[in-house]
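Here the structure comes first, spelled out in structure tokens, and everything after it is commentary.
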Amino acid sequence: MTFDAVNLLLQAIESGGSLDPNAIRAALAETGEYTGATGTIRFTGSPDPARSVVISRLFEGETRLFRVVDP
């Protein structure tokens, strides 16, 4: 998640064209959707992003996908 957060910040700095915190905040606010290493993050007007959650189970020593929960 840190990888995605840093890349999202870099994207906002690039699209905002400035290191000014107000420009970064504005660029982040305009981000509707971001696809990163952990999946797609959607911003729907709330400060908290909506994102999928992956649930895995350990079965006979192997990790297996159990379910993906989408918001």
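Ligands are numbered from 1 in the order shown, residues from 1 within each chain, and chains are lettered A, B, ... in the order they appear in the structure tokens.
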| said: Just want the 12 Å neighbourhood of region 3-13 of chain A, counted on only C-alpha atoms, with same-chain residues fewer than 2 positions away dropped. Output as a PyMOL selection string. | reply: chain A and resi 1+15-43+49+51
For C-alpha atoms, I'd like the residues from the last selection saved as a PDB file, in the first residue's frame.
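selection_35.pdb, freshly written:
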```
ATOM      1  CA  MET A   1       0.000   0.000   0.000  1.00  0.00           C
ATOM      2  CA  SER A  15      -0.277  16.561 -12.789  1.00  0.00           C
ATOM      3  CA  GLY A  16      -0.449  19.551 -10.421  1.00  0.00           C
ATOM      4  CA  GLY A  17       2.875  20.818 -11.733  1.00  0.00           C
ATOM      5  CA  SER A  18       4.029  21.945  -8.304  1.00  0.00           C
ATOM      6  CA  LEU A  19       5.356  20.866  -4.935  1.00  0.00           C
ATOM      7  CA  ASP A  20       3.011  23.343  -3.264  1.00  0.00           C
ATOM      8  CA  PRO A  21       0.786  21.441  -0.797  1.00  0.00           C
ATOM      9  CA  ASN A  22      -2.350  23.216  -2.076  1.00  0.00           C
ATOM     10  CA  ALA A  23      -1.593  22.185  -5.669  1.00  0.00           C
ATOM     11  CA  ILE A  24      -0.941  18.596  -4.580  1.00  0.00           C
ATOM     12  CA  ARG A  25      -4.177  18.539  -2.567  1.00  0.00           C
ATOM     13  CA  ALA A  26      -6.121  19.865  -5.565  1.00  0.00           C
ATOM     14  CA  ALA A  27      -4.564  17.291  -7.899  1.00  0.00           C
ATOM     15  CA  LEU A  28      -5.383  14.481  -5.455  1.00  0.00           C
ATOM     16  CA  ALA A  29      -8.966  15.744  -5.198  1.00  0.00           C
ATOM     17  CA  GLU A  30      -9.295  15.513  -8.990  1.00  0.00           C
ATOM     18  CA  THR A  31      -8.122  11.893  -9.024  1.00  0.00           C
ATOM     19  CA  GLY A  32     -11.122   9.682  -9.667  1.00  0.00           C
ATOM     20  CA  GLU A  33      -9.398   6.342  -9.981  1.00  0.00           C
ATOM     21  CA  TYR A  34      -5.864   5.036  -9.601  1.00  0.00           C
ATOM     22  CA  THR A  35      -4.676   1.551 -10.528  1.00  0.00           C
ATOM     23  CA  GLY A  36      -1.571   0.443  -8.695  1.00  0.00           C
ATOM     24  CA  ALA A  37       0.224  -2.645  -7.412  1.00  0.00           C
ATOM     25  CA  THR A  38      -2.512  -3.480  -4.897  1.00  0.00           C
ATOM     26  CA  GLY A  39      -5.421  -2.960  -7.285  1.00  0.00           C
ATOM     27  CA  THR A  40      -7.731  -0.110  -8.163  1.00  0.00           C
ATOM     28  CA  ILE A  41      -8.366   2.716  -5.733  1.00  0.00           C
ATOM     29  CA  ARG A  42     -11.430   4.893  -6.339  1.00  0.00           C
ATOM     30  CA  PHE A  43     -12.006   8.322  -4.876  1.00  0.00           C
ATOM     31  CA  PRO A  49     -10.615   5.802  -0.823  1.00  0.00           C
ATOM     32  CA  ARG A  51     -10.753  -0.128  -2.722  1.00  0.00           C
TER      33      ARG A  51
END
```
| message | Using DSSP secondary structure from the backbone, list all alpha helix (DSSP H) positions within region 1-59 of chain A, as a ChimeraX atom specification. | response | /A:2-16,21-30
Distance query Pro71 (chain A) at most 9 Å, only C-alpha atoms, self and fewer than 5 positions along chain excluded, as a PDB file with C-alpha atoms, in the first residue's frame:
```
ATOM      1  CA  ALA A  50     -12.827   2.904  -1.857  1.00  0.00           C
ATOM      2  CA  ARG A  51     -10.753  -0.128  -2.722  1.00  0.00           C
ATOM      3  CA  SER A  52     -11.091  -3.851  -3.161  1.00  0.00           C
ATOM      4  CA  VAL A  53     -10.029  -6.236  -0.428  1.00  0.00           C
TER       5      VAL A  53
END
```
| field | For CA of Glu14 (chain A) and CA of Ser46 (chain A), the interatomic separation in Å (one decimal) | value |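 That distance, rounded to one decimal, is 22.4 Å.
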| Taking the backbone alone, and naming residues the way the document does, which bits of chain A are strand (DSSP E) by DSSP, as a list in words? |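 Reading the DSSP output for chain A, strand (DSSP E) covers Glu33, Tyr34, Thr35, Gly36, Gly39, Thr40, Ile41, Arg42, Ala50, Arg51, Val53, Val54, Ile55, Ser56, Arg57, Leu58, Phe59, Glu62, Thr63, Arg64, Leu65, Phe66, Arg67, Val68 and Val69 of chain A.
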| said: If we count only C-alpha atoms and set the cut-off at 10 Å, which residues sit around Phe66 (chain A), ignoring sequence neighbours fewer than 5 positions away in its own chain? Please answer as a PyMOL selection string. | reply: chain A and resi 54-58
So that I have them on file, write out the residues from the current selection with C-alpha atoms, as a compact mmCIF listing (two decimals), in the first residue's frame.
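After the write, selection-v7.txt holds the following:
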```
# COMPACT_ATOMS: atom_id res chain seq x y z
CA VAL A 54 -8.48 -9.60 -1.24
CA ILE A 55 -9.13 -12.43 1.20
CA SER A 56 -6.79 -15.42 1.00
CA ARG A 57 -6.84 -18.72 2.85
CA LEU A 58 -3.97 -20.98 3.78
```
